[in-house]
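protein_1.pdb (PDB, C-alpha atoms and all ligand atoms)
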```pdb
ATOM      1  CA  MET E   1     -65.402 -26.076  27.497
ATOM      2  CA  SER E   2     -64.978 -29.829  27.174
ATOM      3  CA  GLY E   3     -67.189 -31.819  24.836
ATOM      4  CA  VAL E   4     -69.354 -33.092  27.668
ATOM      5  CA  ASP E   5     -69.692 -29.583  29.182
ATOM      6  CA  ALA E   6     -70.682 -28.129  25.813
ATOM      7  CA  LEU E   7     -73.314 -30.808  25.302
ATOM      8  CA  ALA E   8     -74.731 -30.138  28.784
ATOM      9  CA  ALA E   9     -74.685 -26.349  28.253
ATOM     10  CA  ALA E  10     -76.447 -26.725  24.903
ATOM     11  CA  ALA E  11     -79.026 -29.065  26.458
ATOM     12  CA  ARG E  12     -79.745 -26.443  29.153
ATOM     13  CA  LEU E  13     -80.326 -23.727  26.530
ATOM     14  CA  ILE E  14     -82.624 -26.085  24.615
ATOM     15  CA  ALA E  15     -84.570 -26.982  27.776
ATOM     16  CA  ARG E  16     -85.203 -23.279  28.467
ATOM     17  CA  ALA E  17     -86.150 -22.321  24.904
ATOM     18  CA  GLN E  18     -89.734 -21.747  23.857
ATOM     19  CA  ARG E  19     -89.325 -20.746  20.244
ATOM     20  CA  CYS E  20     -86.644 -22.701  18.423
ATOM     21  CA  THR E  21     -85.459 -22.305  14.846
ATOM     22  CA  ALA E  22     -83.004 -24.778  13.348
ATOM     23  CA  LEU E  23     -80.791 -23.951  10.375
ATOM     24  CA  THR E  24     -79.228 -26.948   8.662
ATOM     25  CA  GLY E  25     -76.609 -27.435   5.974
ATOM     26  CA  ALA E  26     -75.000 -30.306   4.110
ATOM     27  CA  GLY E  27     -73.430 -31.659   7.328
ATOM     28  CA  VAL E  28     -76.819 -32.875   8.576
ATOM     29  CA  SER E  29     -77.022 -35.259   5.608
ATOM     30  CA  ALA E  30     -73.367 -36.348   5.696
ATOM     31  CA  GLU E  31     -74.165 -39.363   7.871
ATOM     32  CA  SER E  32     -76.809 -40.401   5.327
ATOM     33  CA  GLY E  33     -74.033 -40.685   2.762
ATOM     34  CA  VAL E  34     -74.839 -37.449   0.917
ATOM     35  CA  PRO E  35     -71.522 -35.612   0.395
ATOM     36  CA  THR E  36     -71.086 -32.089   1.741
ATOM     37  CA  PHE E  37     -69.938 -29.359  -0.651
ATOM     38  CA  ARG E  38     -66.664 -28.072   0.741
ATOM     39  CA  ASP E  39     -64.951 -31.016   2.404
ATOM     40  CA  VAL E  40     -61.419 -31.087   0.989
ATOM     41  CA  GLN E  41     -61.423 -34.868   0.549
ATOM     42  CA  THR E  42     -64.986 -35.925  -0.134
ATOM     43  CA  GLY E  43     -66.904 -32.711  -0.799
ATOM     44  CA  LEU E  44     -68.869 -32.406  -4.030
ATOM     45  CA  TRP E  45     -66.959 -29.320  -5.079
ATOM     46  CA  SER E  46     -63.601 -31.079  -4.680
ATOM     47  CA  LYS E  47     -64.438 -33.243  -7.687
ATOM     48  CA  PHE E  48     -66.448 -30.784  -9.760
ATOM     49  CA  ASP E  49     -66.352 -27.127 -10.624
ATOM     50  CA  PRO E  50     -69.345 -25.401  -9.007
ATOM     51  CA  ALA E  51     -69.301 -22.629 -11.612
ATOM     52  CA  GLN E  52     -69.740 -25.203 -14.357
ATOM     53  CA  LEU E  53     -72.407 -27.337 -12.676
ATOM     54  CA  ALA E  54     -74.375 -25.022 -10.450
ATOM     55  CA  SER E  55     -74.693 -21.704 -12.228
ATOM     56  CA  PRO E  56     -76.921 -20.249 -14.961
ATOM     57  CA  GLU E  57     -73.800 -19.715 -17.120
ATOM     58  CA  GLY E  58     -72.737 -23.340 -16.721
ATOM     59  CA  PHE E  59     -76.220 -24.500 -17.634
ATOM     60  CA  ARG E  60     -76.367 -22.282 -20.724
ATOM     61  CA  ALA E  61     -72.955 -23.607 -21.816
ATOM     62  CA  ASP E  62     -73.884 -27.299 -21.514
ATOM     63  CA  PRO E  63     -77.442 -28.154 -20.403
ATOM     64  CA  PRO E  64     -77.011 -31.952 -20.814
ATOM     65  CA  LEU E  65     -73.899 -31.961 -18.592
ATOM     66  CA  VAL E  66     -75.665 -30.068 -15.826
ATOM     67  CA  TRP E  67     -78.790 -32.210 -16.208
ATOM     68  CA  ARG E  68     -76.747 -35.436 -15.857
ATOM     69  CA  TRP E  69     -74.978 -34.098 -12.777
ATOM     70  CA  TYR E  70     -78.299 -33.406 -11.051
ATOM     71  CA  ALA E  71     -79.734 -36.746 -12.221
ATOM     72  CA  TRP E  72     -76.730 -38.404 -10.561
ATOM     73  CA  ARG E  73     -77.302 -36.443  -7.342
ATOM     74  CA  ARG E  74     -81.018 -37.341  -7.408
ATOM     75  CA  GLU E  75     -80.107 -41.031  -7.562
ATOM     76  CA  LEU E  76     -77.648 -40.622  -4.710
ATOM     77  CA  VAL E  77     -80.326 -38.945  -2.610
ATOM     78  CA  ALA E  78     -82.971 -41.523  -3.544
ATOM     79  CA  ARG E  79     -80.704 -44.258  -2.167
ATOM     80  CA  ALA E  80     -79.952 -42.287   1.021
ATOM     81  CA  VAL E  81     -82.124 -42.572   4.112
ATOM     82  CA  PRO E  82     -82.736 -39.929   6.782
ATOM     83  CA  ASN E  83     -80.352 -40.324   9.742
ATOM     84  CA  ALA E  84     -80.798 -39.854  13.484
ATOM     85  CA  ALA E  85     -80.288 -36.078  13.133
ATOM     86  CA  HIS E  86     -83.114 -35.677  10.594
ATOM     87  CA  LEU E  87     -85.352 -37.828  12.820
ATOM     88  CA  ALA E  88     -84.504 -35.910  16.002
ATOM     89  CA  LEU E  89     -85.376 -32.630  14.249
ATOM     90  CA  ALA E  90     -88.638 -34.111  12.933
ATOM     91  CA  HIS E  91     -89.617 -35.061  16.492
ATOM     92  CA  ALA E  92     -88.428 -31.779  18.002
ATOM     93  CA  SER E  93     -91.354 -29.623  16.924
ATOM     94  CA  GLY E  94     -93.565 -30.913  19.755
ATOM     95  CA  ARG E  95     -91.048 -29.803  22.397
ATOM     96  CA  PHE E  96     -91.345 -26.092  21.746
ATOM     97  CA  GLU E  97     -94.129 -23.543  21.645
ATOM     98  CA  ARG E  98     -92.936 -22.763  18.144
ATOM     99  CA  PHE E  99     -90.462 -24.653  15.986
ATOM    100  CA  ALA E 100     -89.191 -23.843  12.491
ATOM    101  CA  LEU E 101     -86.778 -25.761  10.321
ATOM    102  CA  VAL E 102     -84.774 -23.846   7.718
ATOM    103  CA  THR E 103     -82.444 -25.797   5.446
ATOM    104  CA  GLN E 104     -79.910 -25.067   2.751
ATOM    105  CA  ASN E 105     -80.149 -28.682   1.620
ATOM    106  CA  VAL E 106     -81.879 -29.640  -1.595
ATOM    107  CA  ASP E 107     -82.071 -33.364  -0.791
ATOM    108  CA  GLY E 108     -85.549 -33.482   0.768
ATOM    109  CA  LEU E 109     -84.329 -35.719   3.622
ATOM    110  CA  HIS E 110     -85.928 -33.549   6.323
ATOM    111  CA  ALA E 111     -89.359 -34.078   4.771
ATOM    112  CA  ARG E 112     -88.691 -37.786   4.354
ATOM    113  CA  ALA E 113     -87.850 -37.929   8.070
ATOM    114  CA  GLY E 114     -91.279 -36.439   8.817
ATOM    115  CA  SER E 115     -90.562 -32.721   9.194
ATOM    116  CA  ARG E 116     -93.382 -30.549   7.929
ATOM    117  CA  ASP E 117     -93.270 -27.019   6.484
ATOM    118  CA  VAL E 118     -89.513 -27.195   5.928
ATOM    119  CA  ILE E 119     -88.222 -23.850   4.680
ATOM    120  CA  GLU E 120     -85.994 -24.911   1.781
ATOM    121  CA  LEU E 121     -83.789 -21.907   1.034
ATOM    122  CA  HIS E 122     -82.021 -23.429  -1.962
ATOM    123  CA  GLY E 123     -84.898 -25.387  -3.504
ATOM    124  CA  ASN E 124     -85.204 -29.142  -3.949
ATOM    125  CA  ILE E 125     -83.590 -31.418  -6.527
ATOM    126  CA  LEU E 126     -86.712 -33.576  -6.706
ATOM    127  CA  ARG E 127     -88.536 -30.663  -8.313
ATOM    128  CA  THR E 128     -87.957 -29.700 -11.927
ATOM    129  CA  LYS E 129     -88.970 -26.519 -13.704
ATOM    130  CA  CYS E 130     -88.797 -25.004 -17.169
ATOM    131  CA  SER E 131     -85.586 -22.999 -17.617
ATOM    132  CA  ALA E 132     -87.594 -20.389 -19.551
ATOM    133  CA  GLU E 133     -89.867 -19.986 -16.498
ATOM    134  CA  CYS E 134     -92.997 -20.654 -18.613
ATOM    135  CA  GLY E 135     -94.646 -22.064 -15.499
ATOM    136  CA  VAL E 136     -94.162 -25.791 -16.142
ATOM    137  CA  ARG E 137     -93.089 -27.708 -13.020
ATOM    138  CA  PHE E 138     -92.723 -31.336 -12.040
ATOM    139  CA  ASP E 139     -92.751 -32.334  -8.377
ATOM    140  CA  ASP E 140     -92.089 -36.018  -9.019
ATOM    141  CA  PRO E 141     -88.955 -37.011 -10.967
ATOM    142  CA  ALA E 142     -90.811 -40.124 -12.204
ATOM    143  CA  ALA E 143     -93.263 -37.871 -14.056
ATOM    144  CA  LEU E 144     -90.546 -36.110 -16.093
ATOM    145  CA  PRO E 145     -90.846 -36.230 -19.874
ATOM    146  CA  ALA E 146     -88.493 -38.814 -21.378
ATOM    147  CA  GLY E 147     -85.163 -37.797 -22.859
ATOM    148  CA  GLU E 148     -81.866 -36.737 -21.440
ATOM    149  CA  PRO E 149     -82.078 -33.916 -20.664
ATOM    150  CA  PRO E 150     -85.797 -33.445 -21.115
ATOM    151  CA  ARG E 151     -87.421 -30.533 -22.890
ATOM    152  CA  CYS E 152     -90.352 -28.539 -21.554
ATOM    153  CA  PRO E 153     -93.553 -30.105 -22.962
ATOM    154  CA  SER E 154     -95.122 -26.653 -23.151
ATOM    155  CA  CYS E 155     -92.468 -24.372 -24.693
ATOM    156  CA  GLY E 156     -89.608 -26.695 -25.756
ATOM    157  CA  SER E 157     -86.943 -25.059 -23.564
ATOM    158  CA  TRP E 158     -84.662 -27.203 -21.442
ATOM    159  CA  LEU E 159     -85.999 -28.372 -18.120
ATOM    160  CA  ARG E 160     -83.791 -27.689 -15.085
ATOM    161  CA  PRO E 161     -83.755 -28.598 -11.415
ATOM    162  CA  ASP E 162     -85.738 -26.245  -9.181
ATOM    163  CA  VAL E 163     -82.738 -25.264  -7.088
ATOM    164  CA  VAL E 164     -80.925 -21.995  -6.486
ATOM    165  CA  TRP E 165     -77.665 -21.696  -8.403
ATOM    166  CA  PHE E 166     -74.696 -19.446  -7.740
ATOM    167  CA  GLY E 167     -75.568 -15.956  -8.882
ATOM    168  CA  GLU E 168     -79.332 -16.557  -8.597
ATOM    169  CA  MET E 169     -81.714 -14.949  -6.136
ATOM    170  CA  LEU E 170     -83.470 -16.998  -3.502
ATOM    171  CA  ASP E 171     -87.248 -17.204  -3.786
ATOM    172  CA  PRO E 172     -88.232 -13.984  -1.952
ATOM    173  CA  ASP E 173     -91.204 -15.610  -0.173
ATOM    174  CA  VAL E 174     -89.018 -18.423   1.125
ATOM    175  CA  LEU E 175     -86.376 -15.962   2.315
ATOM    176  CA  VAL E 176     -88.998 -13.870   4.130
ATOM    177  CA  ARG E 177     -90.267 -16.985   5.930
ATOM    178  CA  ALA E 178     -86.705 -17.862   6.955
ATOM    179  CA  GLU E 179     -86.007 -14.336   8.209
ATOM    180  CA  GLU E 180     -89.239 -14.360  10.199
ATOM    181  CA  ALA E 181     -88.296 -17.694  11.746
ATOM    182  CA  ALA E 182     -84.846 -16.319  12.635
ATOM    183  CA  SER E 183     -86.279 -13.101  14.072
ATOM    184  CA  ALA E 184     -88.976 -14.790  16.145
ATOM    185  CA  CYS E 185     -86.933 -17.482  17.877
ATOM    186  CA  ASP E 186     -85.267 -17.387  21.275
ATOM    187  CA  LEU E 187     -82.915 -20.218  20.334
ATOM    188  CA  MET E 188     -81.273 -20.962  17.029
ATOM    189  CA  LEU E 189     -79.685 -24.349  16.393
ATOM    190  CA  VAL E 190     -77.121 -24.164  13.586
ATOM    191  CA  ILE E 191     -76.271 -27.643  12.340
ATOM    192  CA  GLY E 192     -73.755 -28.812   9.775
ATOM    193  CA  THR E 193     -73.142 -25.672   7.777
ATOM    194  CA  SER E 194     -69.864 -23.959   6.945
ATOM    195  CA  GLY E 195     -71.671 -20.603   7.175
ATOM    196  CA  LEU E 196     -70.092 -19.254   4.025
ATOM    197  CA  VAL E 197     -73.050 -18.826   1.685
ATOM    198  CA  TYR E 198     -75.361 -15.830   2.101
ATOM    199  CA  PRO E 199     -78.115 -14.967   2.779
ATOM    200  CA  ALA E 200     -78.457 -18.279   4.700
ATOM    201  CA  ALA E 201     -75.284 -17.624   6.676
ATOM    202  CA  GLY E 202     -76.708 -14.297   7.887
ATOM    203  CA  LEU E 203     -79.695 -15.880   9.664
ATOM    204  CA  PRO E 204     -77.895 -16.787  12.930
ATOM    205  CA  ALA E 205     -76.632 -13.187  13.250
ATOM    206  CA  LEU E 206     -80.176 -11.927  12.671
ATOM    207  CA  ALA E 207     -81.470 -14.263  15.403
ATOM    208  CA  ARG E 208     -78.715 -13.091  17.724
ATOM    209  CA  ARG E 209     -79.529  -9.401  17.112
ATOM    210  CA  ARG E 210     -83.130 -10.166  18.146
ATOM    211  CA  GLY E 211     -81.878 -11.667  21.406
ATOM    212  CA  ALA E 212     -81.773 -15.377  20.590
ATOM    213  CA  ARG E 213     -79.163 -17.771  21.934
ATOM    214  CA  VAL E 214     -77.200 -19.635  19.275
ATOM    215  CA  VAL E 215     -75.972 -23.243  19.470
ATOM    216  CA  VAL E 216     -73.669 -24.556  16.735
ATOM    217  CA  VAL E 217     -73.349 -28.305  16.106
ATOM    218  CA  ASN E 218     -70.403 -29.087  13.850
ATOM    219  CA  PRO E 219     -67.473 -31.498  14.217
ATOM    220  CA  ASN E 220     -65.227 -28.859  12.573
ATOM    221  CA  GLY E 221     -64.730 -25.127  12.882
ATOM    222  CA  SER E 222     -67.264 -23.014  10.964
ATOM    223  CA  GLY E 223     -67.803 -19.375  10.049
ATOM    224  CA  LEU E 224     -70.584 -19.215  12.644
ATOM    225  CA  ASP E 225     -68.674 -20.437  15.722
ATOM    226  CA  ALA E 226     -67.750 -16.883  16.701
ATOM    227  CA  LEU E 227     -71.345 -15.824  17.333
ATOM    228  CA  ALA E 228     -72.420 -19.014  19.078
ATOM    229  CA  ASP E 229     -73.142 -19.189  22.807
ATOM    230  CA  VAL E 230     -72.201 -22.857  22.727
ATOM    231  CA  VAL E 231     -70.365 -24.881  20.077
ATOM    232  CA  VAL E 232     -70.933 -28.638  20.204
ATOM    233  CA  ARG E 233     -68.042 -30.362  18.448
ATOM    234  CA  ALA E 234     -69.819 -33.515  17.378
ATOM    235  CA  THR E 235     -71.558 -34.864  14.325
ATOM    236  CA  ALA E 236     -75.225 -34.132  13.838
ATOM    237  CA  ALA E 237     -76.402 -37.755  14.112
ATOM    238  CA  VAL E 238     -74.555 -38.134  17.429
ATOM    239  CA  ALA E 239     -75.367 -34.757  19.000
ATOM    240  CA  LEU E 240     -78.977 -34.085  17.996
ATOM    241  CA  PRO E 241     -80.613 -37.210  19.451
ATOM    242  CA  ALA E 242     -78.790 -36.447  22.726
ATOM    243  CA  LEU E 243     -79.743 -32.759  22.686
ATOM    244  CA  LEU E 244     -83.359 -33.181  21.629
ATOM    245  CA  ALA E 245     -84.181 -36.416  23.469
TER     246      ALA E 245
HETATM  247  P1  LIG M   1     -70.603 -27.076   3.283
HETATM  248  O1  LIG M   1     -70.064 -28.266   2.550
HETATM  249  O2  LIG M   1     -70.065 -25.747   2.970
HETATM  250  O3  LIG M   1     -70.375 -27.303   4.849
HETATM  251  C1  LIG M   1     -70.732 -28.505   5.466
HETATM  252  C2  LIG M   1     -70.484 -28.344   6.951
HETATM  253  O4  LIG M   1     -70.921 -29.532   7.585
HETATM  254  C3  LIG M   1     -69.007 -28.135   7.318
HETATM  255  O5  LIG M   1     -68.912 -27.063   8.221
HETATM  256  C4  LIG M   1     -68.635 -29.463   7.982
HETATM  257  O6  LIG M   1     -67.668 -29.295   9.032
HETATM  258  C5  LIG M   1     -69.951 -29.897   8.554
HETATM  259  N1  LIG M   1     -70.097 -31.348   8.749
HETATM  260  C6  LIG M   1     -69.492 -32.359   8.080
HETATM  261  N2  LIG M   1     -69.934 -33.544   8.532
HETATM  262  C7  LIG M   1     -70.842 -33.279   9.495
HETATM  263  C8  LIG M   1     -71.646 -34.100  10.354
HETATM  264  N3  LIG M   1     -71.633 -35.420  10.269
HETATM  265  N4  LIG M   1     -72.466 -33.473  11.235
HETATM  266  C9  LIG M   1     -72.505 -32.125  11.310
HETATM  267  N5  LIG M   1     -71.774 -31.306  10.540
HETATM  268  C10 LIG M   1     -70.956 -31.874   9.641
HETATM  269  O7  LIG M   1     -72.197 -27.124   3.150
HETATM  270  P2  LIG M   1     -73.248 -25.956   3.443
HETATM  271  O8  LIG M   1     -72.825 -25.113   4.588
HETATM  272  O9  LIG M   1     -74.580 -26.600   3.498
HETATM  273  O10 LIG M   1     -75.583 -23.848  -2.027
HETATM  274  O11 LIG M   1     -73.134 -25.127   2.119
HETATM  275  C11 LIG M   1     -74.009 -24.044   1.935
HETATM  276  C12 LIG M   1     -74.383 -23.912   0.500
HETATM  277  O12 LIG M   1     -73.216 -23.860  -0.310
HETATM  278  C13 LIG M   1     -75.126 -25.106  -0.079
HETATM  279  O13 LIG M   1     -76.503 -25.067   0.172
HETATM  280  C14 LIG M   1     -74.855 -24.983  -1.531
HETATM  281  C15 LIG M   1     -73.382 -24.719  -1.466
HETATM  282  O14 LIG M   1     -72.801 -24.151  -2.501
HETATM  283  C16 LIG M   1     -76.120 -23.876  -3.252
HETATM  284  O15 LIG M   1     -76.022 -24.860  -3.970
HETATM  285  C17 LIG M   1     -76.818 -22.625  -3.610
HETATM  286 ZN    ZN M   2     -91.412 -24.069 -20.727
END
```
Kindly transcribe the structure held in the file into structure tokens.
Ligand code: OAD
Ligand code: ZN
Amino acid sequence: MSGVDALAAAARLIARAQRCTALTGAGVSAESGVPTFRDVQTGLWSKFDPAQLASPEGFRADPPLVWRWYAWRRELVARAVPNAAHLALAHASGRFERFALVTQNVDGLHARAGSRDVIELHGNILRTKCSAECGVRFDDPAALPAGEPPRCPSCGSWLRPDVVWFGEMLDPDVLVRAEEAASACDLMLVIGTSGLVYPAAGLPALARRRGARVVVVNPNGSGLDALADVVVRATAAVALPALLA
């Protein structure tokens, strides 16, 4: 299928859909200047070791290092603005009988674009919690106790970002909501994800098993192309406004 044919085929599936679930990954924020994880040239993990910066072991070994890395990413995200893809998804909910947005991103850009009830599988870097799970949480980075990295005002443990690290479980309630959204849709849009990290990467297959059509939007090949009905080889900020207009 040519690029134009794929776009038209995807638009037809979208026009027919009643219950749409979108699954997004780092690619949806790439055009906002937030690096993806696995790009060989510019991806976050090409410069840093994920095991050191995004795992419980890495955090135990050097909490200040991990804290500074997330503080840097928070600043990057604070300077970024939602792009045309985030905005198209925020406006899409009105088009369908039911619309759900599931993201692997921790940057909060979907919410800033106006999406509501975003199912954030991997947490959000704007939220901070006590690493000892004593219950202390901060939703606003500006309200964090001073110090680098800050200590929990209640129990004195290190504070950490409220994100899911390698080797950690997803919040079970969040995962259940995502699985419900995947099971209940008749169309799944898969945007800007390499499809390599589970359980997120299993959601399109779940949707497919329940009879949904699957559209992948990704300028490069991904692990989810094989189960897609249509693959749109374009960037998210170019394809989504056209598809969801
Ligand atoms: P990846 O970096 O693995 O994949 C990004 C995908 O976006 C790739 O398939 C790119 O081809 C695609 N892409 C790049 N630019 C794009 C654009 N402008 N428009 C659309 N697509 C574009 O990121 P994720 O799949 O999100 O987990 O990674 C999944 C998880 O792995 C992340 O949530 C993170 C990471 O380790 C945790 O931190 C737990
Ligand atoms: Zn605490």
| request: Give the residues close to ligand ZN 2 (chain M), within 9 Å, counting all atoms listed in the file; write them as a list of chain:residue names. | output: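 The residues within 9 Å of ligand ZN 2 (chain M), counting all atoms listed in the file, are E:Lys129, E:Cys130, E:Ser131, E:Ala132, E:Glu133, E:Cys134, E:Gly135, E:Val136, E:Arg137, E:Arg151, E:Cys152, E:Pro153, E:Ser154, E:Cys155, E:Gly156, E:Ser157, E:Trp158, E:Leu159.
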Output for the residues just chosen: C-alpha atoms as a short mmCIF file (atom, residue, chain, number, x, y, z; two decimals), keeping the file's coordinate frame:
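File part_37.cif, as written:
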```
data_model
loop_
_atom_site.label_atom_id
_atom_site.label_comp_id
_atom_site.auth_asym_id
_atom_site.auth_seq_id
_atom_site.Cartn_x
_atom_site.Cartn_y
_atom_site.Cartn_z
CA LYS E 129 -88.97 -26.52 -13.70
CA CYS E 130 -88.80 -25.00 -17.17
CA SER E 131 -85.59 -23.00 -17.62
CA ALA E 132 -87.59 -20.39 -19.55
CA GLU E 133 -89.87 -19.99 -16.50
CA CYS E 134 -93.00 -20.65 -18.61
CA GLY E 135 -94.65 -22.06 -15.50
CA VAL E 136 -94.16 -25.79 -16.14
CA ARG E 137 -93.09 -27.71 -13.02
CA ARG E 151 -87.42 -30.53 -22.89
CA CYS E 152 -90.35 -28.54 -21.55
CA PRO E 153 -93.55 -30.10 -22.96
CA SER E 154 -95.12 -26.65 -23.15
CA CYS E 155 -92.47 -24.37 -24.69
CA GLY E 156 -89.61 -26.70 -25.76
CA SER E 157 -86.94 -25.06 -23.56
CA TRP E 158 -84.66 -27.20 -21.44
CA LEU E 159 -86.00 -28.37 -18.12
#
```
Give me the residues of chain E that have any atom at most 6 Å from an atom of ligand LIG 1 (chain M); for each, the nearest atom pair and the distance in Å, rounded to one decimal. Use only C-alpha atoms and all ligand atoms, sort by chain and number, and format it as a Markdown table.
```
| residue | atom | partner | partner_atom | distance |
| --- | --- | --- | --- | --- |
| E:Gly25 | CA | M:LIG1 | O9 | 3.3 |
| E:Ala26 | CA | M:LIG1 | O9 | 3.8 |
| E:Gly27 | CA | M:LIG1 | O4 | 3.3 |
| E:Val28 | CA | M:LIG1 | N4 | 5.1 |
| E:Ala30 | CA | M:LIG1 | N3 | 5.0 |
| E:Glu31 | CA | M:LIG1 | N3 | 5.3 |
| E:Thr36 | CA | M:LIG1 | O1 | 4.0 |
| E:Phe37 | CA | M:LIG1 | O1 | 3.4 |
| E:Arg38 | CA | M:LIG1 | O1 | 3.9 |
| E:Asp39 | CA | M:LIG1 | O1 | 5.8 |
| E:Gln104 | CA | M:LIG1 | O13 | 4.3 |
| E:Asn105 | CA | M:LIG1 | O13 | 5.3 |
| E:His122 | CA | M:LIG1 | C17 | 5.5 |
| E:Val164 | CA | M:LIG1 | C17 | 5.1 |
| E:Trp165 | CA | M:LIG1 | C17 | 5.0 |
| E:Phe166 | CA | M:LIG1 | C17 | 5.6 |
| E:Ile191 | CA | M:LIG1 | C9 | 5.9 |
| E:Gly192 | CA | M:LIG1 | N5 | 3.3 |
| E:Thr193 | CA | M:LIG1 | O8 | 3.3 |
| E:Ser194 | CA | M:LIG1 | O5 | 3.5 |
| E:Gly195 | CA | M:LIG1 | O8 | 5.3 |
| E:Val197 | CA | M:LIG1 | C11 | 5.3 |
| E:Asn218 | CA | M:LIG1 | N5 | 4.2 |
| E:Pro219 | CA | M:LIG1 | O6 | 5.6 |
| E:Asn220 | CA | M:LIG1 | O6 | 4.3 |
| E:Ser222 | CA | M:LIG1 | O5 | 5.2 |
| E:Thr235 | CA | M:LIG1 | N4 | 3.5 |
| E:Ala236 | CA | M:LIG1 | N4 | 3.8 |
```
| query | Can you tell me how far CA of Ala212 in chain E sits from CA of Arg116 in chain E, in Å to one decimal? | reply | 22.9 Å
Non-local contacts of Pro141 in chain E (7 Å; all atoms listed in the file; under 3 positions in same chain excluded) as a PDB file with C-alpha atoms, keeping the file's coordinate frame:
```
ATOM      1  CA  LEU E 126     -86.712 -33.576  -6.706  1.00  0.00           C
ATOM      2  CA  ARG E 127     -88.536 -30.663  -8.313  1.00  0.00           C
ATOM      3  CA  PHE E 138     -92.723 -31.336 -12.040  1.00  0.00           C
ATOM      4  CA  LEU E 144     -90.546 -36.110 -16.093  1.00  0.00           C
TER       5      LEU E 144
END
```
| Å distance separating CA of Asn83 in chain E from CA of Ala237 in chain E, one decimal place | 6.4 Å
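You will find CA of Ala15 in chain E at 27.8 Å from CA of Gly108 in chain E.
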| request: Take the PyMOL selection byres (((chain E and resi 167) around 12) and not hetatm), apply it to the structure above, and return the hits as a PyMOL selection string. | output: chain E and resi 50-51+54-58+163-166+168-170+197-199
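Distance check against Ser29 in chain E using all atoms listed in the file: of E:Ala61, E:Ala11, E:Ala71, E:Ala84, the minimum falls on E:Ala84.
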| message | Report as a PyMOL selection string all protein, DNA and RNA residues lying within 12 Å of Ala239 in chain E, evaluated on all atoms listed in the file, omitting residues in the same chain fewer than 4 positions from it. | response | chain E and resi 3-4+6-8+10-11+28+83-86+88-89+189+191-192+215-219+231-235+243-245
Around range 198-205 of chain E, fit a box with edges along x, y and z, padding it by 8 Å on each side, then list its centre and edge lengths in Å to one decimal as AutoDock Vina command-line options.
```
--center_x -77.5 --center_y -15.7 --center_z 7.7 --size_x 20.4 --size_y 21.1 --size_z 27.1
```
| request: Can you give me, as a ChimeraX atom specification, the residues this file yields under the PyMOL selection byres (((chain E and resi 214) around 6) and not hetatm)? | output: /E:187-188,213,215,228-229
